[in-house]
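Q: Can you keep this structure in mind? I'll have questions shortly.
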Amino acid sequence: MRYRVLGGTGIEVSTYCLGTMMFGAVGNPDHQDAIRIIHAALDRGVNFVDTADMYSAGESEEIVGKALRDPRRRDDTVLATKVYFPVGGEGPNRGGTSRRWIVRAVENSLTRLGTDRIDLYQVHRPDHRTDIEETLDVLGDLVSQGKIRAFGCSTFPAEEIVEAHAVAERRGLRRFRTEQPPYSLLARGIEASVLPVAQRYGMGVLTWSPLASGFLSGGYRRGLPVDLTRGRAALTPHRFDPALPGNQAKLDAVEELAGVADSLGCTLPELAVAFAAAHPAVTSVILGPRTMEQLEGLLKGASVVLTDEAMDRIDAIVPPGTDLYRADGVWRPAALTDATLRRRPVGERAAAD
């Protein structure tokens with residue numbers, strides 16, 4: 001397993017990171033089995049574990065905490081979690097990136113994780129209700145207090161990353177050290193601006209969903225029936241329903257990408273994770289297995305070497321910077337969701353007085 005420095009922090013992390021979104025009620029509810037998977041990944045050279053407070057309403061963090069209960073395992077593991085989404089009930093102040101919520105959320109995460117520090121604390125999505133200066137200020141305070149070692153952002157548009165860095169420089173605040181965007185053979189949109197911006201600022205990049213929410217797992221092929229009641233298909237059926245034209249386009253691409261994998265002597269999932277790791281801006285690729293079998297299959301991608309010819313074939317199937325689907329299915333900018341930000345009052349819409 002290769003190791004790379006994380007966003008100028010001096011912390012070295014493995015090229016593959018173990019993501020735990022599928023541990024808990026929404027995926028694998030067996031805590032002991034999930035712990036075995038975490039230990040297996042660590043024993044195979046993975047030293048980076050990523051979770052979030054909202055995964056299974058905190059249950060994923062609890063599982064990770066149990067897996068890292070041994071002080072030696074904890075000391076050898078770079079531990080990352082996130083804050084933004086509501087946890088523990090709904091309410092106007094449960095969630096977001098205000099000082100009030102972050103101070104409370106980090107304490108809750110530390111308790112669930114059973115640790116006294118978080119190595120990388122990430123803002124899970126942009127919060128347009130909170131000034132970015134307030135968010136950076138409180139995160140900097142947590143670094144000074146030793147509760148977190150560094151902080152980053154997740155699924156931020158390029159312009160939001162630039163703004164955050166500009167505010168940090170202008171106000172003399174600590175800055176985001178990492179970005180965690182979706183990236184796969186079917187979702188390459190971040191190549192256009194997010195990845196170049198991250199490189200410009202020397203940020204570490206931790207990509208998620210290399211299997212395109214399971215679409216590149218090998219189980220979704222043209223002509224095969226799709227069970228929309230199980231696994232990721234049950235969570236987001238609109239991404240898998242073959243009756244939808246967008247999914248047909250993904251299936252067409254999958255068939256061609258499977259041909260590339262066959263020619264290289266690897267599986268489609270192995271090709272997918274090797275592709276994400278091949279970009280020079282990417283520090284670590286987050287793997288999100290639900291079972292031990294899935295983990296072992298994904299780790300085999302570490303030995304896959306993509307030649308320039310193979311990369312050219314991939315580019316011909318899904319051109320650079322192209323998204324065949326919207327990878328982030330849970331967040332959209334307020335400029336698109338709030339109609340009042342897109343429409344002048346009725347009385348002011350005519351060009352003439």
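By order of appearance in the structure tokens: chains A, B, ..., then residues from 1 within every chain, and ligands from 1 in the order shown.
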Can you tell me, as number ranges by chain, which residues in range 37-152 of chain A count as helix (DSSP H, G or I) by DSSP?
A: A: 37-43, 55-67, 71-76, 99-113, 132-144
Q: So that I can check the surroundings of Cys153 in chain A, please list as a ChimeraX atom specification every protein, DNA and RNA residue that reaches within 9 Å of it, counting only C-alpha atoms and ignoring chain neighbours fewer than 3 positions away.
A: /A:82,121-126,156,161,176-181
Q: Do you know which residues are at most 9 Å from Ser213 in chain A counting only C-alpha atoms, after dropping those on the same chain fewer than 2 positions away, and could you put them as a PyMOL selection string?
A: chain A and resi 209-211+215-217+232-233+236+239+327
Q: Please report as CSV every residue of range 1-43 of chain A lying within 9 Å of range 284-300 of chain A, along with the nearest atom pair and their distance in Å (one decimal), using only C-alpha atoms.
A:
residue,atom,partner,partner_atom,distance
A:Tyr3,CA,A:Ser284,CA,8.6
A:Arg4,CA,A:Ser284,CA,7.9
A:Leu6,CA,A:Ser284,CA,8.7
A:Val13,CA,A:Ser284,CA,7.3
A:Ser14,CA,A:Ser284,CA,6.5
A:Thr15,CA,A:Ser284,CA,4.3
A:Tyr16,CA,A:Val285,CA,4.8
A:Cys17,CA,A:Ile286,CA,4.5
A:Leu18,CA,A:Leu287,CA,5.2
A:Gly19,CA,A:Gly288,CA,4.7
A:Thr20,CA,A:Gly288,CA,6.0
A:Met21,CA,A:Gly288,CA,6.5
A:Met22,CA,A:Arg290,CA,5.4
A:Phe23,CA,A:Arg290,CA,6.6
A:Gly27,CA,A:Arg290,CA,6.3
A:Asn28,CA,A:Arg290,CA,5.8
A:Asp33,CA,A:Thr291,CA,8.0
A:Ala34,CA,A:Thr291,CA,7.7
A:Arg36,CA,A:Met292,CA,8.0
A:Ile37,CA,A:Met292,CA,5.6
A:Ala40,CA,A:Met292,CA,8.1
A:Ala41,CA,A:Leu295,CA,7.5
Q: Need to verify the contact set: Ile314 in chain A, 8 Å, only C-alpha atoms, exclusion of same-chain residues closer than 5 positions in sequence. Can you return it as a list in words?
A: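 Answer for this query is Leu185, Leu257, Val260 and Pro319 of chain A.
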Q: Under the rule that only C-alpha atoms are counted, which of A:Pro157, A:Gly96, A:Gly329, A:Pro225 is the nearest residue to His238 in chain A?
A: A:Gly329
Q: What's the 6 Å shell around range 53-64 of chain A, counting only C-alpha atoms, without same-chain residues fewer than 5 positions away, as a PyMOL selection string?
A: chain A and resi 21+23-26+87+112-113
Q: Which polymer residues have any atom within 12 Å of an atom of range 335-348 of chain A, counting only C-alpha atoms, with same-chain residues fewer than 5 positions away left out, as a VMD selection string?
A: chain A and resid 128 330 353
Q: Nearest residue to Gly146 in chain A out of A:Val106, A:Leu206, A:Ile317, A:Ala276, using only C-alpha atoms?
A: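 The answer is A:Val106, which sits nearest to Gly146 in chain A.
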Q: Ranking A:His39, A:Arg200, A:Arg174, A:Arg117 by minimum distance to Thr81 in chain A and counting only C-alpha atoms, which one comes first?
A: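 Looking at the shortest contact to Thr81 in chain A, the residue is A:Arg117.
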Q: Identify, on the basis of only C-alpha atoms, every residue whose closest approach to Val226 in chain A does not exceed 12 Å; exclude the query and any residue fewer than 3 positions from it along the same chain; express the result as a list in words.
A: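 That gives Phe215, Gly219, Tyr220, Arg221, Arg222, Gly223, Thr229, Arg230, Gly231, Arg232, Ala233, Ala234, Pro237, His238, Arg239, Phe240, Asp241, Pro242, Ala243, Asn247 and Leu251 of chain A.
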Q: Grab the residues selected above and save them as a PDB file, in the first residue's frame with N, CA, C and O atoms.
A:
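This is the output file out_25.pdb:
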ATOM      1  N   PHE A 215     -22.977   1.255  -8.929  1.00  0.00           N
ATOM      2  CA  PHE A 215     -23.259   1.008 -10.338  1.00  0.00           C
ATOM      3  C   PHE A 215     -22.086   0.341 -11.042  1.00  0.00           C
ATOM      4  O   PHE A 215     -22.256  -0.306 -12.072  1.00  0.00           O
ATOM      5  N   GLY A 219     -22.547  -5.742 -10.636  1.00  0.00           N
ATOM      6  CA  GLY A 219     -23.861  -6.355 -10.490  1.00  0.00           C
ATOM      7  C   GLY A 219     -24.944  -5.698 -11.316  1.00  0.00           C
ATOM      8  O   GLY A 219     -26.082  -6.186 -11.342  1.00  0.00           O
ATOM      9  N   TYR A 220     -24.610  -4.582 -11.963  1.00  0.00           N
ATOM     10  CA  TYR A 220     -25.595  -3.866 -12.778  1.00  0.00           C
ATOM     11  C   TYR A 220     -25.100  -3.838 -14.220  1.00  0.00           C
ATOM     12  O   TYR A 220     -24.212  -3.069 -14.573  1.00  0.00           O
ATOM     13  N   ARG A 221     -25.676  -4.720 -15.029  1.00  0.00           N
ATOM     14  CA  ARG A 221     -25.270  -4.840 -16.430  1.00  0.00           C
ATOM     15  C   ARG A 221     -26.518  -4.842 -17.307  1.00  0.00           C
ATOM     16  O   ARG A 221     -27.625  -5.161 -16.867  1.00  0.00           O
ATOM     17  N   ARG A 222     -26.324  -4.463 -18.540  1.00  0.00           N
ATOM     18  CA  ARG A 222     -27.435  -4.418 -19.478  1.00  0.00           C
ATOM     19  C   ARG A 222     -28.096  -5.795 -19.579  1.00  0.00           C
ATOM     20  O   ARG A 222     -27.430  -6.804 -19.757  1.00  0.00           O
ATOM     21  N   GLY A 223     -29.419  -5.812 -19.444  1.00  0.00           N
ATOM     22  CA  GLY A 223     -30.179  -7.050 -19.564  1.00  0.00           C
ATOM     23  C   GLY A 223     -30.396  -7.798 -18.275  1.00  0.00           C
ATOM     24  O   GLY A 223     -31.235  -8.707 -18.214  1.00  0.00           O
ATOM     25  N   THR A 229     -35.176  -3.151  -4.152  1.00  0.00           N
ATOM     26  CA  THR A 229     -35.588  -3.244  -2.751  1.00  0.00           C
ATOM     27  C   THR A 229     -34.421  -3.553  -1.817  1.00  0.00           C
ATOM     28  O   THR A 229     -34.619  -3.649  -0.601  1.00  0.00           O
ATOM     29  N   ARG A 230     -33.196  -3.711  -2.358  1.00  0.00           N
ATOM     30  CA  ARG A 230     -32.076  -4.112  -1.523  1.00  0.00           C
ATOM     31  C   ARG A 230     -30.869  -3.213  -1.768  1.00  0.00           C
ATOM     32  O   ARG A 230     -30.703  -2.656  -2.864  1.00  0.00           O
ATOM     33  N   GLY A 231     -29.999  -3.117  -0.750  1.00  0.00           N
ATOM     34  CA  GLY A 231     -28.724  -2.425  -0.886  1.00  0.00           C
ATOM     35  C   GLY A 231     -28.870  -0.967  -1.268  1.00  0.00           C
ATOM     36  O   GLY A 231     -29.838  -0.290  -0.922  1.00  0.00           O
ATOM     37  N   ARG A 232     -27.875  -0.475  -2.028  1.00  0.00           N
ATOM     38  CA  ARG A 232     -27.873   0.927  -2.431  1.00  0.00           C
ATOM     39  C   ARG A 232     -29.028   1.254  -3.363  1.00  0.00           C
ATOM     40  O   ARG A 232     -29.502   2.381  -3.388  1.00  0.00           O
ATOM     41  N   ALA A 233     -29.478   0.255  -4.126  1.00  0.00           N
ATOM     42  CA  ALA A 233     -30.612   0.494  -5.024  1.00  0.00           C
ATOM     43  C   ALA A 233     -31.865   0.850  -4.249  1.00  0.00           C
ATOM     44  O   ALA A 233     -32.710   1.620  -4.731  1.00  0.00           O
ATOM     45  N   ALA A 234     -32.002   0.310  -3.043  1.00  0.00           N
ATOM     46  CA  ALA A 234     -33.166   0.641  -2.218  1.00  0.00           C
ATOM     47  C   ALA A 234     -33.046   2.047  -1.648  1.00  0.00           C
ATOM     48  O   ALA A 234     -34.061   2.733  -1.457  1.00  0.00           O
ATOM     49  N   PRO A 237     -33.294   4.504  -5.499  1.00  0.00           N
ATOM     50  CA  PRO A 237     -33.776   3.731  -6.655  1.00  0.00           C
ATOM     51  C   PRO A 237     -33.706   4.483  -7.970  1.00  0.00           C
ATOM     52  O   PRO A 237     -33.549   3.864  -9.034  1.00  0.00           O
ATOM     53  N   HIS A 238     -33.783   5.827  -7.925  1.00  0.00           N
ATOM     54  CA  HIS A 238     -33.744   6.586  -9.170  1.00  0.00           C
ATOM     55  C   HIS A 238     -32.392   6.460  -9.877  1.00  0.00           C
ATOM     56  O   HIS A 238     -32.288   6.716 -11.069  1.00  0.00           O
ATOM     57  N   ARG A 239     -31.369   6.040  -9.155  1.00  0.00           N
ATOM     58  CA  ARG A 239     -30.054   5.879  -9.772  1.00  0.00           C
ATOM     59  C   ARG A 239     -29.875   4.528 -10.449  1.00  0.00           C
ATOM     60  O   ARG A 239     -28.908   4.309 -11.175  1.00  0.00           O
ATOM     61  N   PHE A 240     -30.797   3.606 -10.199  1.00  0.00           N
ATOM     62  CA  PHE A 240     -30.630   2.238 -10.686  1.00  0.00           C
ATOM     63  C   PHE A 240     -31.766   1.754 -11.580  1.00  0.00           C
ATOM     64  O   PHE A 240     -31.604   0.766 -12.278  1.00  0.00           O
ATOM     65  N   ASP A 241     -32.905   2.420 -11.538  1.00  0.00           N
ATOM     66  CA  ASP A 241     -34.065   1.985 -12.323  1.00  0.00           C
ATOM     67  C   ASP A 241     -33.717   2.000 -13.809  1.00  0.00           C
ATOM     68  O   ASP A 241     -33.512   3.064 -14.400  1.00  0.00           O
ATOM     69  N   PRO A 242     -33.646   0.819 -14.462  1.00  0.00           N
ATOM     70  CA  PRO A 242     -33.248   0.778 -15.878  1.00  0.00           C
ATOM     71  C   PRO A 242     -34.255   1.419 -16.824  1.00  0.00           C
ATOM     72  O   PRO A 242     -33.937   1.660 -17.994  1.00  0.00           O
ATOM     73  N   ALA A 243     -35.442   1.722 -16.317  1.00  0.00           N
ATOM     74  CA  ALA A 243     -36.445   2.362 -17.172  1.00  0.00           C
ATOM     75  C   ALA A 243     -36.136   3.834 -17.415  1.00  0.00           C
ATOM     76  O   ALA A 243     -36.690   4.444 -18.342  1.00  0.00           O
ATOM     77  N   ASN A 247     -30.128   6.206 -16.677  1.00  0.00           N
ATOM     78  CA  ASN A 247     -29.526   4.953 -16.240  1.00  0.00           C
ATOM     79  C   ASN A 247     -29.169   4.058 -17.417  1.00  0.00           C
ATOM     80  O   ASN A 247     -28.217   3.274 -17.357  1.00  0.00           O
ATOM     81  N   LEU A 251     -25.592   2.326 -18.135  1.00  0.00           N
ATOM     82  CA  LEU A 251     -25.430   0.915 -18.468  1.00  0.00           C
ATOM     83  C   LEU A 251     -24.616   0.738 -19.745  1.00  0.00           C
ATOM     84  O   LEU A 251     -23.781  -0.177 -19.850  1.00  0.00           O
TER      85      LEU A 251
END
Q: Could you please write out, as a PDB file with N, CA and C atoms, in the first residue's frame, every residue of range 64-231 of chain A that DSSP assigns to strand (DSSP E)?
A:
ATOM      1  N   VAL A  78      -5.234   6.917  11.181  1.00  0.00           N
ATOM      2  CA  VAL A  78      -5.644   8.297  10.933  1.00  0.00           C
ATOM      3  C   VAL A  78      -7.175   8.276  10.853  1.00  0.00           C
ATOM      4  N   LEU A  79      -7.806   8.959  11.795  1.00  0.00           N
ATOM      5  CA  LEU A  79      -9.254   8.892  11.948  1.00  0.00           C
ATOM      6  C   LEU A  79      -9.912  10.186  11.482  1.00  0.00           C
ATOM      7  N   ALA A  80     -10.886  10.051  10.589  1.00  0.00           N
ATOM      8  CA  ALA A  80     -11.596  11.215  10.045  1.00  0.00           C
ATOM      9  C   ALA A  80     -13.095  11.048  10.256  1.00  0.00           C
ATOM     10  N   THR A  81     -13.757  12.154  10.570  1.00  0.00           N
ATOM     11  CA  THR A  81     -15.210  12.153  10.623  1.00  0.00           C
ATOM     12  C   THR A  81     -15.709  13.511  10.126  1.00  0.00           C
ATOM     13  N   LYS A  82     -17.033  13.715  10.168  1.00  0.00           N
ATOM     14  CA  LYS A  82     -17.605  14.905   9.536  1.00  0.00           C
ATOM     15  C   LYS A  82     -18.730  15.488  10.367  1.00  0.00           C
ATOM     16  N   VAL A  83     -19.071  16.740  10.026  1.00  0.00           N
ATOM     17  CA  VAL A  83     -20.152  17.455  10.687  1.00  0.00           C
ATOM     18  C   VAL A  83     -20.919  18.260   9.643  1.00  0.00           C
ATOM     19  N   ILE A 118      -9.649  13.835  17.048  1.00  0.00           N
ATOM     20  CA  ILE A 118     -10.009  13.454  15.678  1.00  0.00           C
ATOM     21  C   ILE A 118      -8.909  13.989  14.775  1.00  0.00           C
ATOM     22  N   ASP A 119      -8.343  13.122  13.942  1.00  0.00           N
ATOM     23  CA  ASP A 119      -7.210  13.546  13.116  1.00  0.00           C
ATOM     24  C   ASP A 119      -7.630  14.472  11.982  1.00  0.00           C
ATOM     25  N   LEU A 120      -8.791  14.210  11.395  1.00  0.00           N
ATOM     26  CA  LEU A 120      -9.289  15.070  10.317  1.00  0.00           C
ATOM     27  C   LEU A 120     -10.788  15.255  10.505  1.00  0.00           C
ATOM     28  N   TYR A 121     -11.201  16.501  10.748  1.00  0.00           N
ATOM     29  CA  TYR A 121     -12.614  16.835  10.963  1.00  0.00           C
ATOM     30  C   TYR A 121     -13.081  17.602   9.738  1.00  0.00           C
ATOM     31  N   GLN A 122     -14.140  17.108   9.086  1.00  0.00           N
ATOM     32  CA  GLN A 122     -14.540  17.667   7.797  1.00  0.00           C
ATOM     33  C   GLN A 122     -15.945  18.256   7.827  1.00  0.00           C
ATOM     34  N   VAL A 123     -16.096  19.379   7.150  1.00  0.00           N
ATOM     35  CA  VAL A 123     -17.416  19.993   6.959  1.00  0.00           C
ATOM     36  C   VAL A 123     -18.087  19.246   5.818  1.00  0.00           C
ATOM     37  N   ILE A 148      -9.121  18.331  17.525  1.00  0.00           N
ATOM     38  CA  ILE A 148      -8.924  17.875  16.160  1.00  0.00           C
ATOM     39  C   ILE A 148      -7.505  18.260  15.741  1.00  0.00           C
ATOM     40  N   ARG A 149      -6.952  17.507  14.788  1.00  0.00           N
ATOM     41  CA  ARG A 149      -5.597  17.785  14.321  1.00  0.00           C
ATOM     42  C   ARG A 149      -5.584  18.683  13.084  1.00  0.00           C
ATOM     43  N   ALA A 150      -6.551  18.483  12.226  1.00  0.00           N
ATOM     44  CA  ALA A 150      -6.669  19.280  10.997  1.00  0.00           C
ATOM     45  C   ALA A 150      -8.125  19.215  10.560  1.00  0.00           C
ATOM     46  N   PHE A 151      -8.495  20.089   9.620  1.00  0.00           N
ATOM     47  CA  PHE A 151      -9.881  20.066   9.145  1.00  0.00           C
ATOM     48  C   PHE A 151      -9.939  20.294   7.646  1.00  0.00           C
ATOM     49  N   GLY A 152     -11.032  19.817   7.070  1.00  0.00           N
ATOM     50  CA  GLY A 152     -11.219  19.930   5.632  1.00  0.00           C
ATOM     51  C   GLY A 152     -12.680  20.096   5.291  1.00  0.00           C
ATOM     52  N   CYS A 153     -12.983  20.019   4.006  1.00  0.00           N
ATOM     53  CA  CYS A 153     -14.357  20.159   3.528  1.00  0.00           C
ATOM     54  C   CYS A 153     -14.713  18.944   2.673  1.00  0.00           C
ATOM     55  N   SER A 154     -15.986  18.783   2.405  1.00  0.00           N
ATOM     56  CA  SER A 154     -16.454  17.643   1.630  1.00  0.00           C
ATOM     57  C   SER A 154     -17.530  18.073   0.648  1.00  0.00           C
ATOM     58  N   THR A 178      -8.096  19.668   3.299  1.00  0.00           N
ATOM     59  CA  THR A 178      -8.525  18.587   2.416  1.00  0.00           C
ATOM     60  C   THR A 178      -9.888  18.897   1.808  1.00  0.00           C
ATOM     61  N   GLU A 179     -10.185  18.202   0.731  1.00  0.00           N
ATOM     62  CA  GLU A 179     -11.516  18.198   0.123  1.00  0.00           C
ATOM     63  C   GLU A 179     -11.886  16.746  -0.164  1.00  0.00           C
ATOM     64  N   GLN A 180     -13.150  16.400   0.078  1.00  0.00           N
ATOM     65  CA  GLN A 180     -13.626  15.036  -0.155  1.00  0.00           C
ATOM     66  C   GLN A 180     -14.763  15.057  -1.176  1.00  0.00           C
ATOM     67  N   GLY A 204      -5.149  18.010   0.287  1.00  0.00           N
ATOM     68  CA  GLY A 204      -5.329  16.589   0.088  1.00  0.00           C
ATOM     69  C   GLY A 204      -6.717  16.343  -0.476  1.00  0.00           C
ATOM     70  N   VAL A 205      -6.857  15.320  -1.305  1.00  0.00           N
ATOM     71  CA  VAL A 205      -8.155  15.001  -1.908  1.00  0.00           C
ATOM     72  C   VAL A 205      -8.492  13.547  -1.584  1.00  0.00           C
ATOM     73  N   LEU A 206      -9.639  13.353  -0.933  1.00  0.00           N
ATOM     74  CA  LEU A 206     -10.123  12.028  -0.558  1.00  0.00           C
ATOM     75  C   LEU A 206     -11.398  11.786  -1.343  1.00  0.00           C
ATOM     76  N   THR A 207     -11.348  10.970  -2.364  1.00  0.00           N
ATOM     77  CA  THR A 207     -12.527  10.809  -3.217  1.00  0.00           C
ATOM     78  C   THR A 207     -13.441   9.719  -2.683  1.00  0.00           C
TER      79      THR A 207
END
